[in-house]
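Take a look at the structure below.
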Amino acid sequence: MPASGTRAVAAVVLAAVLALFSGGAPAAADTVDSTATYAAEASAAVEAADLLATLPVKGRAPKTGYERALFGPTWADVDQNGCDTRNDILRRDLTEVTYTTSVPCTVKTGILADPYTGTTISFVRGTTTSSAVQIDHVVALSDAWQKGAQQLTTEQRTAFANDPLNLQATDGPTNQQKGDGDAATWLPPNKGFRCEYVARQVSVKARYSLWVTQAERDAIAGILAGCPGQVAPAAVGPAAPAAVYYANCAEVVAAGAAPLCAASLGYRSGLDGDSDGVACEG
């Protein structure tokens with residue numbers, strides 16, 4: 001099939017997938033709470049480069065009239081699970097999470113493996129400490145306002161502002177540095193995350209019928225050229241378990257983790273003296 005025909009077929013498939021996952025610009029968005037749900041949705045994802053090709057390319061509309069309130073209450077409980085969106089995302093993106101009460105809602109402490117910076121950040125709730133971990137809108141609200149969100153309803157903009165696909169816990173100062181930048185003006189310092197980052201921007205803009213500028217499109221295309229096959233996700237799964245490293249078997253035993261099977265966190269061949277797939281069993 002000619003390249004143009006392949007692209008046309010891809011566009012039809014992309015539209016069908018997005019309609020399946022989002023129902024157009026959705027009125028509400030559920031937090032992804034299980035790896036199984038994420039895996040099922042991710043399996044139907046399409047390539048970000050193909051989806052990027054379907055986004056309209058236009059100039060920025062004026063920022064005139066933009067207000068945060070136009071995107072609904074800050075951190076609304078759109079999925080009606082009893083927890084606001086900020087805590088939903090902290091619960092999703094942090095590990096070793098503790099809560100302020102016995103109800104697993106308001107996050108008290110946790111560990112963030114920050115994909116934007118590649119660093120590990122300890123989160124402790126408090127008036128002077130909470131800002132160390134902030135929730136970034138992958139596609140900034142102001143950017144969205146200038147690229148199509150003015151035409152959305154308040155309900156749709158509220159869904160956009162609270163959509164887990166468009167939210168990522170990250171280092172506070174890094175989030176402040178980004179501001180309302182798009183891919184042409186700001187990318188995560190951690191180059192290893194840039195492919196996933198721009199793929200999420202493409203997914204979000206497609207889901208909410210937003211456009212990109214030419215400079216933004218070129219920047220995203222340039223990033224994706226370095227990671228062929230990068231999918232445009234329909235959801236974001238829970239954080240992967242934090243990496244575990246044991247210097248020796250004494251540390252494994254002290255941690256109560258012995259014996260370590262090959263599939264266990266912390267297993268490495270250097271601890272498995274007889275190479276039988278089980279370390280520190282003695």
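Simple scheme: letters A, B, ... for chains in structure tokens order, numbers from 1 for residues in each chain, numbers from 1 for ligands in the order shown.
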
Can you tell me, as a ChimeraX atom specification, which residues in range 21-239 of chain A count as helix (DSSP H, G or I) by DSSP?
/A:21-22,35-42,48-52,68-71,85-93,130-132,141-145,149-151,154-162,164-166,172-178,191-207,214-225

Contact check, range 157-271 of chain A to range 109-128 of chain A, at most 9 Å, counting only C-alpha atoms, closest pairs as a Markdown table:
| residue | atom | partner | partner_atom | distance |
| --- | --- | --- | --- | --- |
| A:Gln168 | CA | A:Pro115 | CA | 8.8 |
| A:Ala169 | CA | A:Asp114 | CA | 7.3 |
| A:Thr170 | CA | A:Asp114 | CA | 5.4 |
| A:Asp171 | CA | A:Asp114 | CA | 6.7 |
| A:Thr174 | CA | A:Tyr116 | CA | 7.8 |
| A:Asn175 | CA | A:Tyr116 | CA | 9.0 |
| A:Leu187 | CA | A:Tyr116 | CA | 8.5 |
| A:Pro188 | CA | A:Tyr116 | CA | 4.8 |
| A:Pro189 | CA | A:Thr117 | CA | 5.5 |
| A:Asn190 | CA | A:Thr117 | CA | 4.9 |
| A:Lys191 | CA | A:Tyr116 | CA | 8.3 |
| A:Gly192 | CA | A:Pro115 | CA | 8.4 |
| A:Phe193 | CA | A:Pro115 | CA | 6.2 |
| A:Arg194 | CA | A:Tyr116 | CA | 8.2 |
| A:Tyr197 | CA | A:Tyr116 | CA | 8.6 |
| A:Ala239 | CA | A:Ala113 | CA | 8.4 |
| A:Ala242 | CA | A:Ala113 | CA | 7.4 |

Q | All residues 8 Å or closer to range 220-225 of chain A, only C-alpha atoms, same chain fewer than 4 positions away omitted, as a ChimeraX atom specification | A | /A:48-49,52,183-184,194-195,198-199,216,230

Among A:Trp186, A:Ser269, A:Trp75, A:Gly179, Ala215 in chain A is approached most closely, using only C-alpha atoms, by A:Trp186

Close residues, Arg268 in chain A itself excluded, 12 Å, only C-alpha atoms, min 6 positions apart in chain, as a ChimeraX atom specification: /A:243-249,252,259-262,275-280

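Among the candidates A:Gly266, A:Pro233, A:Gly148, A:Gly282, the residue lying nearest to Leu210 in chain A is A:Gly148 (atoms considered: only C-alpha atoms).
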
TODO: Any chance you could list, as an MDAnalysis selection string, the residues in range 25-181 of chain A that come up strand (DSSP E) when DSSP is run on the backbone?
DONE: chainID A and resid 46:47 94:99 107:113 120:124 133:137 167:171

Go ahead and dump the residues you just picked, N, CA, C and O atoms, as a compact mmCIF listing (two decimals), in the first residue's frame.
# COMPACT_ATOMS: atom_id res chain seq x y z
N VAL A 46 -1.97 3.63 19.60
CA VAL A 46 -1.39 3.80 18.27
C VAL A 46 -0.08 4.57 18.39
O VAL A 46 0.25 5.10 19.45
N GLU A 47 0.67 4.62 17.32
CA GLU A 47 1.94 5.31 17.37
C GLU A 47 1.74 6.82 17.46
O GLU A 47 0.90 7.39 16.76
N LEU A 94 3.43 8.03 43.36
CA LEU A 94 4.36 7.81 44.45
C LEU A 94 4.38 6.35 44.87
O LEU A 94 3.41 5.61 44.64
N THR A 95 5.44 5.95 45.49
CA THR A 95 5.53 4.64 46.11
C THR A 95 5.73 4.84 47.62
O THR A 95 5.96 5.96 48.08
N GLU A 96 5.60 3.74 48.38
CA GLU A 96 5.72 3.77 49.84
C GLU A 96 4.79 4.84 50.43
O GLU A 96 5.17 5.60 51.34
N VAL A 97 3.58 4.88 49.93
CA VAL A 97 2.62 5.93 50.31
C VAL A 97 2.03 5.65 51.69
O VAL A 97 1.66 4.52 52.01
N THR A 98 1.94 6.70 52.49
CA THR A 98 1.17 6.66 53.74
C THR A 98 0.11 7.75 53.67
O THR A 98 0.21 8.68 52.87
N TYR A 99 -0.91 7.61 54.52
CA TYR A 99 -2.04 8.53 54.48
C TYR A 99 -2.23 9.23 55.82
O TYR A 99 -1.79 8.73 56.86
N VAL A 107 -2.76 11.85 50.87
CA VAL A 107 -1.41 11.30 50.97
C VAL A 107 -0.59 12.11 51.97
O VAL A 107 -0.51 13.34 51.88
N LYS A 108 0.03 11.42 52.91
CA LYS A 108 0.86 12.06 53.93
C LYS A 108 2.33 12.06 53.54
O LYS A 108 3.01 13.08 53.62
N THR A 109 2.84 10.91 53.12
CA THR A 109 4.24 10.79 52.71
C THR A 109 4.33 9.82 51.54
O THR A 109 3.41 9.02 51.28
N GLY A 110 5.45 9.87 50.85
CA GLY A 110 5.69 8.94 49.76
C GLY A 110 7.00 9.26 49.08
O GLY A 110 7.66 10.25 49.40
N ILE A 111 7.38 8.41 48.13
CA ILE A 111 8.62 8.58 47.38
C ILE A 111 8.27 8.72 45.90
O ILE A 111 7.54 7.89 45.35
N LEU A 112 8.79 9.77 45.28
CA LEU A 112 8.57 10.00 43.85
C LEU A 112 9.84 9.73 43.07
O LEU A 112 10.87 10.36 43.32
N ALA A 113 9.79 8.78 42.15
CA ALA A 113 10.85 8.61 41.16
C ALA A 113 10.47 9.55 40.02
O ALA A 113 9.68 9.20 39.15
N THR A 120 15.09 11.16 42.74
CA THR A 120 14.14 10.63 43.71
C THR A 120 13.83 11.71 44.74
O THR A 120 14.74 12.33 45.29
N ILE A 121 12.55 11.94 45.00
CA ILE A 121 12.12 13.02 45.89
C ILE A 121 11.23 12.44 46.98
O ILE A 121 10.30 11.69 46.70
N SER A 122 11.52 12.82 48.21
CA SER A 122 10.66 12.42 49.33
C SER A 122 9.55 13.45 49.48
O SER A 122 9.82 14.65 49.60
N PHE A 123 8.32 12.97 49.49
CA PHE A 123 7.17 13.85 49.70
C PHE A 123 6.71 13.76 51.14
O PHE A 123 6.51 12.66 51.68
N VAL A 124 6.57 14.91 51.77
CA VAL A 124 6.03 14.99 53.13
C VAL A 124 4.99 16.10 53.12
O VAL A 124 5.31 17.26 52.82
N VAL A 133 6.81 18.40 45.74
CA VAL A 133 6.23 17.58 44.67
C VAL A 133 4.96 18.28 44.20
O VAL A 133 4.05 18.52 44.99
N GLN A 134 4.92 18.63 42.93
CA GLN A 134 3.77 19.30 42.35
C GLN A 134 3.19 18.44 41.24
O GLN A 134 3.84 17.52 40.75
N ILE A 135 1.97 18.76 40.85
CA ILE A 135 1.31 18.02 39.77
C ILE A 135 1.33 18.88 38.52
O ILE A 135 0.72 19.95 38.49
N ASP A 136 2.03 18.41 37.52
CA ASP A 136 2.14 19.15 36.26
C ASP A 136 1.01 18.78 35.32
O ASP A 136 0.63 17.61 35.21
N HIS A 137 0.46 19.78 34.64
CA HIS A 137 -0.40 19.53 33.49
C HIS A 137 0.52 19.33 32.30
O HIS A 137 1.20 20.26 31.86
N LEU A 167 -1.75 14.53 33.64
CA LEU A 167 -1.20 14.92 34.93
C LEU A 167 -0.02 14.05 35.31
O LEU A 167 -0.04 12.83 35.11
N GLN A 168 1.01 14.68 35.87
CA GLN A 168 2.21 13.96 36.27
C GLN A 168 2.81 14.62 37.49
O GLN A 168 3.09 15.81 37.49
N ALA A 169 3.02 13.83 38.55
CA ALA A 169 3.73 14.34 39.72
C ALA A 169 5.19 14.55 39.36
O ALA A 169 5.82 13.71 38.72
N THR A 170 5.74 15.69 39.78
CA THR A 170 7.12 16.00 39.44
C THR A 170 7.73 16.95 40.47
O THR A 170 7.04 17.44 41.38
N ASP A 171 8.99 17.21 40.30
CA ASP A 171 9.74 18.14 41.14
C ASP A 171 9.13 19.55 41.06
O ASP A 171 8.89 20.07 39.95

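Remark: for Asp79 in chain A, the closest of the candidate residues A:Asn166, A:Thr158, A:Thr129, A:Thr213 is A:Thr158 (distances computed over only C-alpha atoms).
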